[in-house]
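Raw contents of query-v4.cif, mmCIF, C-alpha atoms:
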data_upload
#
loop_
_atom_site.group_PDB
_atom_site.id
_atom_site.type_symbol
_atom_site.label_atom_id
_atom_site.label_comp_id
_atom_site.auth_asym_id
_atom_site.auth_seq_id
_atom_site.Cartn_x
_atom_site.Cartn_y
_atom_site.Cartn_z
ATOM 1 C CA MET V 1292 17.340 -95.209 95.901
ATOM 2 C CA LYS V 1293 17.126 -91.492 95.271
ATOM 3 C CA ASN V 1294 13.968 -89.824 93.964
ATOM 4 C CA TYR V 1295 15.232 -88.721 90.564
ATOM 5 C CA GLN V 1296 11.976 -86.890 89.771
ATOM 6 C CA GLU V 1297 12.870 -84.281 92.383
ATOM 7 C CA LEU V 1298 16.170 -83.488 90.634
ATOM 8 C CA LYS V 1299 16.159 -80.202 88.739
ATOM 9 C CA THR V 1300 18.483 -81.721 86.149
ATOM 10 C CA TRP V 1301 15.995 -84.553 85.475
ATOM 11 C CA GLN V 1302 13.044 -82.129 85.342
ATOM 12 C CA GLN V 1303 14.885 -79.902 82.890
ATOM 13 C CA GLY V 1304 15.810 -82.963 80.842
ATOM 14 C CA ILE V 1305 12.098 -83.704 80.464
ATOM 15 C CA GLU V 1306 11.519 -80.123 79.260
ATOM 16 C CA ILE V 1307 14.286 -80.601 76.677
ATOM 17 C CA VAL V 1308 12.627 -83.803 75.427
ATOM 18 C CA LYS V 1309 9.293 -82.020 75.000
ATOM 19 C CA GLY V 1310 10.998 -79.148 73.175
ATOM 20 C CA ILE V 1311 12.817 -81.509 70.828
ATOM 21 C CA PHE V 1312 9.625 -83.384 69.958
ATOM 22 C CA ARG V 1313 7.928 -80.061 69.137
ATOM 23 C CA LEU V 1314 10.940 -78.891 67.121
ATOM 24 C CA THR V 1315 11.254 -82.072 65.080
ATOM 25 C CA GLU V 1316 7.672 -81.683 63.849
ATOM 26 C CA ALA V 1317 8.987 -78.900 61.597
ATOM 27 C CA LEU V 1318 11.790 -80.988 60.087
ATOM 28 C CA PRO V 1319 11.480 -82.695 56.688
ATOM 29 C CA LYS V 1320 9.450 -85.899 56.913
ATOM 30 C CA THR V 1321 12.203 -87.638 54.935
ATOM 31 C CA GLU V 1322 14.294 -87.406 58.109
ATOM 32 C CA LYS V 1323 11.788 -89.371 60.203
ATOM 33 C CA TYR V 1324 14.122 -92.375 60.423
ATOM 34 C CA GLY V 1325 17.305 -90.336 60.235
ATOM 35 C CA LEU V 1326 18.034 -87.114 62.016
ATOM 36 C CA ILE V 1327 14.632 -86.861 63.732
ATOM 37 C CA SER V 1328 15.074 -90.316 65.234
ATOM 38 C CA GLN V 1329 18.626 -89.502 66.352
ATOM 39 C CA MET V 1330 17.556 -86.198 67.920
ATOM 40 C CA THR V 1331 14.653 -87.671 69.861
ATOM 41 C CA ARG V 1332 16.746 -90.623 71.056
ATOM 42 C CA ALA V 1333 19.527 -88.319 72.267
ATOM 43 C CA ALA V 1334 17.020 -86.061 74.027
ATOM 44 C CA VAL V 1335 15.240 -88.953 75.757
ATOM 45 C CA SER V 1336 18.602 -90.397 76.790
ATOM 46 C CA ILE V 1337 19.363 -87.358 78.968
ATOM 47 C CA PRO V 1338 16.660 -87.728 81.652
ATOM 48 C CA ALA V 1339 16.522 -91.512 81.197
ATOM 49 C CA ASN V 1340 20.173 -91.915 82.158
ATOM 50 C CA ILE V 1341 19.813 -89.505 85.062
ATOM 51 C CA ALA V 1342 16.920 -91.658 86.301
ATOM 52 C CA GLU V 1343 18.700 -94.960 85.709
ATOM 53 C CA GLY V 1344 21.851 -93.743 87.435
ATOM 54 C CA SER V 1345 19.865 -92.829 90.529
ATOM 55 C CA SER V 1346 19.072 -96.502 91.061
ATOM 56 C CA ARG V 1347 22.734 -97.466 91.351
ATOM 57 C CA ASN V 1348 24.309 -98.301 94.663
ATOM 58 C CA SER V 1349 27.525 -96.359 94.210
ATOM 59 C CA ASP V 1350 28.354 -92.809 93.258
ATOM 60 C CA LYS V 1351 30.860 -94.174 90.741
ATOM 61 C CA ASP V 1352 28.097 -96.022 88.898
ATOM 62 C CA TYR V 1353 25.801 -92.999 89.148
ATOM 63 C CA ALA V 1354 28.525 -90.784 87.673
ATOM 64 C CA ARG V 1355 28.897 -93.194 84.741
ATOM 65 C CA PHE V 1356 25.213 -92.760 83.847
ATOM 66 C CA LEU V 1357 25.523 -88.998 84.249
ATOM 67 C CA GLN V 1358 28.445 -89.098 81.803
ATOM 68 C CA ILE V 1359 26.188 -90.864 79.304
ATOM 69 C CA ALA V 1360 23.534 -88.160 79.828
ATOM 70 C CA LEU V 1361 26.228 -85.544 79.268
ATOM 71 C CA GLY V 1362 27.341 -87.238 76.049
ATOM 72 C CA SER V 1363 23.741 -87.279 74.828
ATOM 73 C CA SER V 1364 23.509 -83.557 75.606
ATOM 74 C CA PHE V 1365 26.544 -82.823 73.439
ATOM 75 C CA GLU V 1366 25.152 -85.075 70.712
ATOM 76 C CA LEU V 1367 21.879 -83.144 70.794
ATOM 77 C CA GLN V 1368 23.735 -79.822 70.604
ATOM 78 C CA THR V 1369 25.433 -81.085 67.443
ATOM 79 C CA TYR V 1370 22.098 -81.998 65.863
ATOM 80 C CA LEU V 1371 20.742 -78.528 66.625
ATOM 81 C CA VAL V 1372 23.752 -77.002 64.855
ATOM 82 C CA LEU V 1373 23.188 -79.312 61.879
ATOM 83 C CA ILE V 1374 19.528 -78.487 61.374
ATOM 84 C CA LYS V 1375 20.321 -74.782 61.482
ATOM 85 C CA GLU V 1376 23.269 -75.125 59.102
ATOM 86 C CA LEU V 1377 21.120 -77.165 56.705
ATOM 87 C CA GLY V 1378 18.542 -74.371 56.780
ATOM 88 C CA TRP V 1379 15.766 -76.616 58.065
ATOM 89 C CA ILE V 1380 15.197 -74.333 61.072
ATOM 90 C CA SER V 1381 16.242 -70.705 60.921
ATOM 91 C CA SER V 1382 14.995 -69.496 64.290
ATOM 92 C CA GLY V 1383 13.071 -70.525 67.354
ATOM 93 C CA THR V 1384 15.731 -72.786 68.828
ATOM 94 C CA GLU V 1385 17.281 -70.203 71.153
ATOM 95 C CA ASP V 1386 15.290 -71.165 74.263
ATOM 96 C CA LEU V 1387 15.942 -74.848 73.682
ATOM 97 C CA GLU V 1388 19.647 -74.229 73.117
ATOM 98 C CA LEU V 1389 19.827 -72.217 76.342
ATOM 99 C CA LEU V 1390 17.997 -74.950 78.248
ATOM 100 C CA LEU V 1391 20.419 -77.524 76.862
ATOM 101 C CA GLU V 1392 23.445 -75.404 77.802
ATOM 102 C CA GLN V 1393 22.100 -75.070 81.353
ATOM 103 C CA GLU V 1394 21.503 -78.822 81.469
ATOM 104 C CA ILE V 1395 25.102 -79.494 80.475
ATOM 105 C CA LYS V 1396 26.353 -77.223 83.261
ATOM 106 C CA MET V 1397 24.083 -78.894 85.818
ATOM 107 C CA ILE V 1398 25.183 -82.388 84.789
ATOM 108 C CA HIS V 1399 28.843 -81.325 84.989
ATOM 109 C CA ALA V 1400 28.267 -79.935 88.489
ATOM 110 C CA PHE V 1401 26.358 -83.060 89.520
ATOM 111 C CA ILE V 1402 29.172 -85.332 88.343
ATOM 112 C CA LYS V 1403 31.706 -83.213 90.191
ATOM 113 C CA ALA V 1404 29.631 -83.231 93.379
ATOM 114 C CA ILE V 1405 29.163 -86.982 93.560
ATOM 115 C CA SER V 1406 32.718 -87.758 92.454
ATOM 116 C CA GLN V 1407 34.308 -85.946 95.409
#
Go ahead and render the structure in this file as structure tokens.
Amino acid sequence: MKNYQELKTWQQGIEIVKGIFRLTEALPKTEKYGLISQMTRAAVSIPANIAEGSSRNSDKDYARFLQIALGSSFELQTYLVLIKELGWISSGTEDLELLLEQEIKMIHAFIKAISQ
């Protein structure tokens, strides 16, 4: 078993989760069971799947969990676009968006590295 907590991609995933929880505090309370729930679930899914994949015995299985984390990253990017387009957040998401873009690149590289 690999120590997932030492992985930069897992550590950054945790930072994304914290940022999303802070960001969603500013969203309309009517979205508590809608978009807020979806955003926090997608964010949590990123480091959770990186961690779960690390427990697998094969690189193929690990890559499958990394693909799920990648999908959650793209899902979260979509939600960030939506809240901006809906006018719920006009600024202050730039750092989080950059962190998420870096996370996507790291997950892609990780998948490539273990799939070779």
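Summary of the local environment: counting all atoms listed in the file, residues at most 9 Å from Leu1371 in chain V, other than itself and those fewer than 6 positions away along its chain, are V:Met1330, V:Ile1380, V:Thr1384, V:Glu1388.
Considering the residues V:Gln1303, V:Tyr1370, V:Ile1395, V:Ser1381 and counting only C-alpha atoms, Gly1325 in chain V has its shortest atom-to-atom contact with V:Tyr1370.
Straight-line separation from CA of Ile1405 in chain V to CA of Leu1389 in chain V: 24.5 Å.
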Using only the atoms of range 1394-1399 of chain V listed in the file, plus 5 Å on each side, state the axis-aligned box centre and edge lengths in Å rounded to one decimal, as AutoDock Vina command-line options.
--center_x 25.2 --center_y -79.8 --center_z 83.1 --size_x 17.3 --size_y 15.2 --size_z 15.3
> Any chance you could work out the residue set of the PyMOL selection byres ((chain V and resi 1345) around 8) here, as a ChimeraX atom specification?
Replying inline: /V:1292-1295,1341-1344,1346-1347,1353
> Which residue gives the smallest distance to Ala1339 in chain V among V:Leu1314, V:Ile1305, V:Ile1398, V:Leu1391, with all atoms listed in the file counted?
Replying inline: V:Ile1305
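We find CA of Lys1299 in chain V and CA of Ala1317 in chain V to be spaced 28.1 Å apart.
Our summary of the geometry notes that CA of Leu1326 in chain V is positioned 23.1 Å from CA of Gln1393 in chain V.
Among the candidate residues V:Met1397, V:Val1372, V:Leu1387, V:Leu1361, the one lying nearest to Arg1313 in chain V is V:Leu1387, with distances computed using only C-alpha atoms.
Selecting by distance to (30.9, -90.5, 85.4) with a limit of 12 Å and using all atoms listed in the file, one obtains V:Asn1340, V:Ile1341, V:Gly1344, V:Ser1349, V:Asp1350, V:Lys1351, V:Asp1352, V:Tyr1353, V:Ala1354, V:Arg1355, V:Phe1356, V:Leu1357, V:Gln1358, V:Ile1359, V:Ala1360, V:Leu1361, V:Gly1362, V:Ile1398, V:His1399, V:Ala1400, V:Phe1401, V:Ile1402, V:Lys1403, V:Ala1404, V:Ile1405, V:Ser1406, V:Gln1407.
With distances restricted to only C-alpha atoms, V:Glu1394 is the closest residue to Leu1298 in chain V from V:Glu1376, V:Val1335, V:Phe1365, V:Glu1394.
Nearest-residue note for Trp1379 in chain V: choosing from V:Glu1392, V:Ser1336, V:Glu1316, V:Gln1329, the minimum distance belongs to V:Glu1316, counting all atoms listed in the file.
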Kindly output range 1346-1382 of chain V as a compact mmCIF listing (two decimals), in the coordinates of the input, after building N, CA and C atoms.
# COMPACT_ATOMS: atom_id res chain seq x y z
N SER V 1346 19.37 -95.21 90.47
CA SER V 1346 19.07 -96.50 91.06
C SER V 1346 20.33 -97.28 91.44
N ARG V 1347 21.48 -96.75 91.08
CA ARG V 1347 22.73 -97.47 91.35
C ARG V 1347 23.17 -97.30 92.79
N ASN V 1348 23.90 -98.28 93.25
CA ASN V 1348 24.31 -98.30 94.66
C ASN V 1348 25.55 -97.48 94.96
N SER V 1349 26.30 -97.12 93.94
CA SER V 1349 27.52 -96.36 94.21
C SER V 1349 27.53 -95.06 93.40
N ASP V 1350 28.21 -94.09 93.96
CA ASP V 1350 28.35 -92.81 93.26
C ASP V 1350 29.14 -92.98 91.97
N LYS V 1351 30.07 -93.92 91.95
CA LYS V 1351 30.86 -94.17 90.74
C LYS V 1351 29.95 -94.64 89.60
N ASP V 1352 29.05 -95.55 89.91
CA ASP V 1352 28.10 -96.02 88.90
C ASP V 1352 27.16 -94.90 88.47
N TYR V 1353 26.69 -94.12 89.45
CA TYR V 1353 25.80 -93.00 89.15
C TYR V 1353 26.50 -92.02 88.21
N ALA V 1354 27.76 -91.72 88.50
CA ALA V 1354 28.52 -90.78 87.67
C ALA V 1354 28.66 -91.29 86.24
N ARG V 1355 28.78 -92.62 86.09
CA ARG V 1355 28.90 -93.19 84.74
C ARG V 1355 27.62 -92.91 83.93
N PHE V 1356 26.47 -93.05 84.55
CA PHE V 1356 25.21 -92.76 83.85
C PHE V 1356 25.06 -91.26 83.58
N LEU V 1357 25.54 -90.45 84.49
CA LEU V 1357 25.52 -89.00 84.25
C LEU V 1357 26.44 -88.63 83.08
N GLN V 1358 27.55 -89.33 82.95
CA GLN V 1358 28.44 -89.10 81.80
C GLN V 1358 27.74 -89.44 80.49
N ILE V 1359 26.96 -90.49 80.50
CA ILE V 1359 26.19 -90.86 79.30
C ILE V 1359 25.17 -89.77 78.98
N ALA V 1360 24.49 -89.26 80.02
CA ALA V 1360 23.53 -88.16 79.83
C ALA V 1360 24.24 -86.93 79.27
N LEU V 1361 25.45 -86.67 79.76
CA LEU V 1361 26.23 -85.54 79.27
C LEU V 1361 26.59 -85.74 77.79
N GLY V 1362 27.01 -86.94 77.45
CA GLY V 1362 27.34 -87.24 76.05
C GLY V 1362 26.14 -87.05 75.14
N SER V 1363 24.96 -87.47 75.61
CA SER V 1363 23.74 -87.28 74.83
C SER V 1363 23.41 -85.80 74.67
N SER V 1364 23.73 -85.01 75.69
CA SER V 1364 23.51 -83.56 75.61
C SER V 1364 24.38 -82.94 74.52
N PHE V 1365 25.63 -83.34 74.47
CA PHE V 1365 26.54 -82.82 73.44
C PHE V 1365 26.11 -83.30 72.05
N GLU V 1366 25.66 -84.54 71.98
CA GLU V 1366 25.15 -85.08 70.71
C GLU V 1366 23.97 -84.23 70.23
N LEU V 1367 23.06 -83.93 71.14
CA LEU V 1367 21.88 -83.14 70.79
C LEU V 1367 22.26 -81.73 70.36
N GLN V 1368 23.24 -81.14 71.02
CA GLN V 1368 23.74 -79.82 70.60
C GLN V 1368 24.22 -79.87 69.16
N THR V 1369 24.92 -80.93 68.81
CA THR V 1369 25.43 -81.08 67.44
C THR V 1369 24.29 -81.16 66.44
N TYR V 1370 23.25 -81.90 66.77
CA TYR V 1370 22.10 -82.00 65.86
C TYR V 1370 21.41 -80.65 65.68
N LEU V 1371 21.34 -79.86 66.74
CA LEU V 1371 20.74 -78.53 66.62
C LEU V 1371 21.57 -77.65 65.69
N VAL V 1372 22.88 -77.75 65.78
CA VAL V 1372 23.75 -77.00 64.86
C VAL V 1372 23.48 -77.46 63.43
N LEU V 1373 23.40 -78.76 63.22
CA LEU V 1373 23.19 -79.31 61.88
C LEU V 1373 21.88 -78.83 61.24
N ILE V 1374 20.79 -78.88 61.99
CA ILE V 1374 19.53 -78.49 61.37
C ILE V 1374 19.51 -77.00 61.04
N LYS V 1375 20.22 -76.21 61.81
CA LYS V 1375 20.32 -74.78 61.48
C LYS V 1375 21.21 -74.57 60.27
N GLU V 1376 22.34 -75.27 60.23
CA GLU V 1376 23.27 -75.12 59.10
C GLU V 1376 22.66 -75.63 57.80
N LEU V 1377 21.80 -76.64 57.89
CA LEU V 1377 21.12 -77.17 56.70
C LEU V 1377 19.95 -76.28 56.28
N GLY V 1378 19.62 -75.30 57.12
CA GLY V 1378 18.54 -74.37 56.78
C GLY V 1378 17.16 -74.93 57.04
N TRP V 1379 17.07 -76.02 57.78
CA TRP V 1379 15.77 -76.62 58.06
C TRP V 1379 15.02 -75.83 59.13
N ILE V 1380 15.76 -75.19 60.03
CA ILE V 1380 15.20 -74.33 61.07
C ILE V 1380 16.06 -73.08 61.09
N SER V 1381 15.44 -71.93 60.93
CA SER V 1381 16.24 -70.70 60.92
C SER V 1381 16.19 -69.97 62.25
N SER V 1382 15.12 -70.17 62.99
CA SER V 1382 15.00 -69.50 64.29
C SER V 1382 14.08 -70.31 65.19
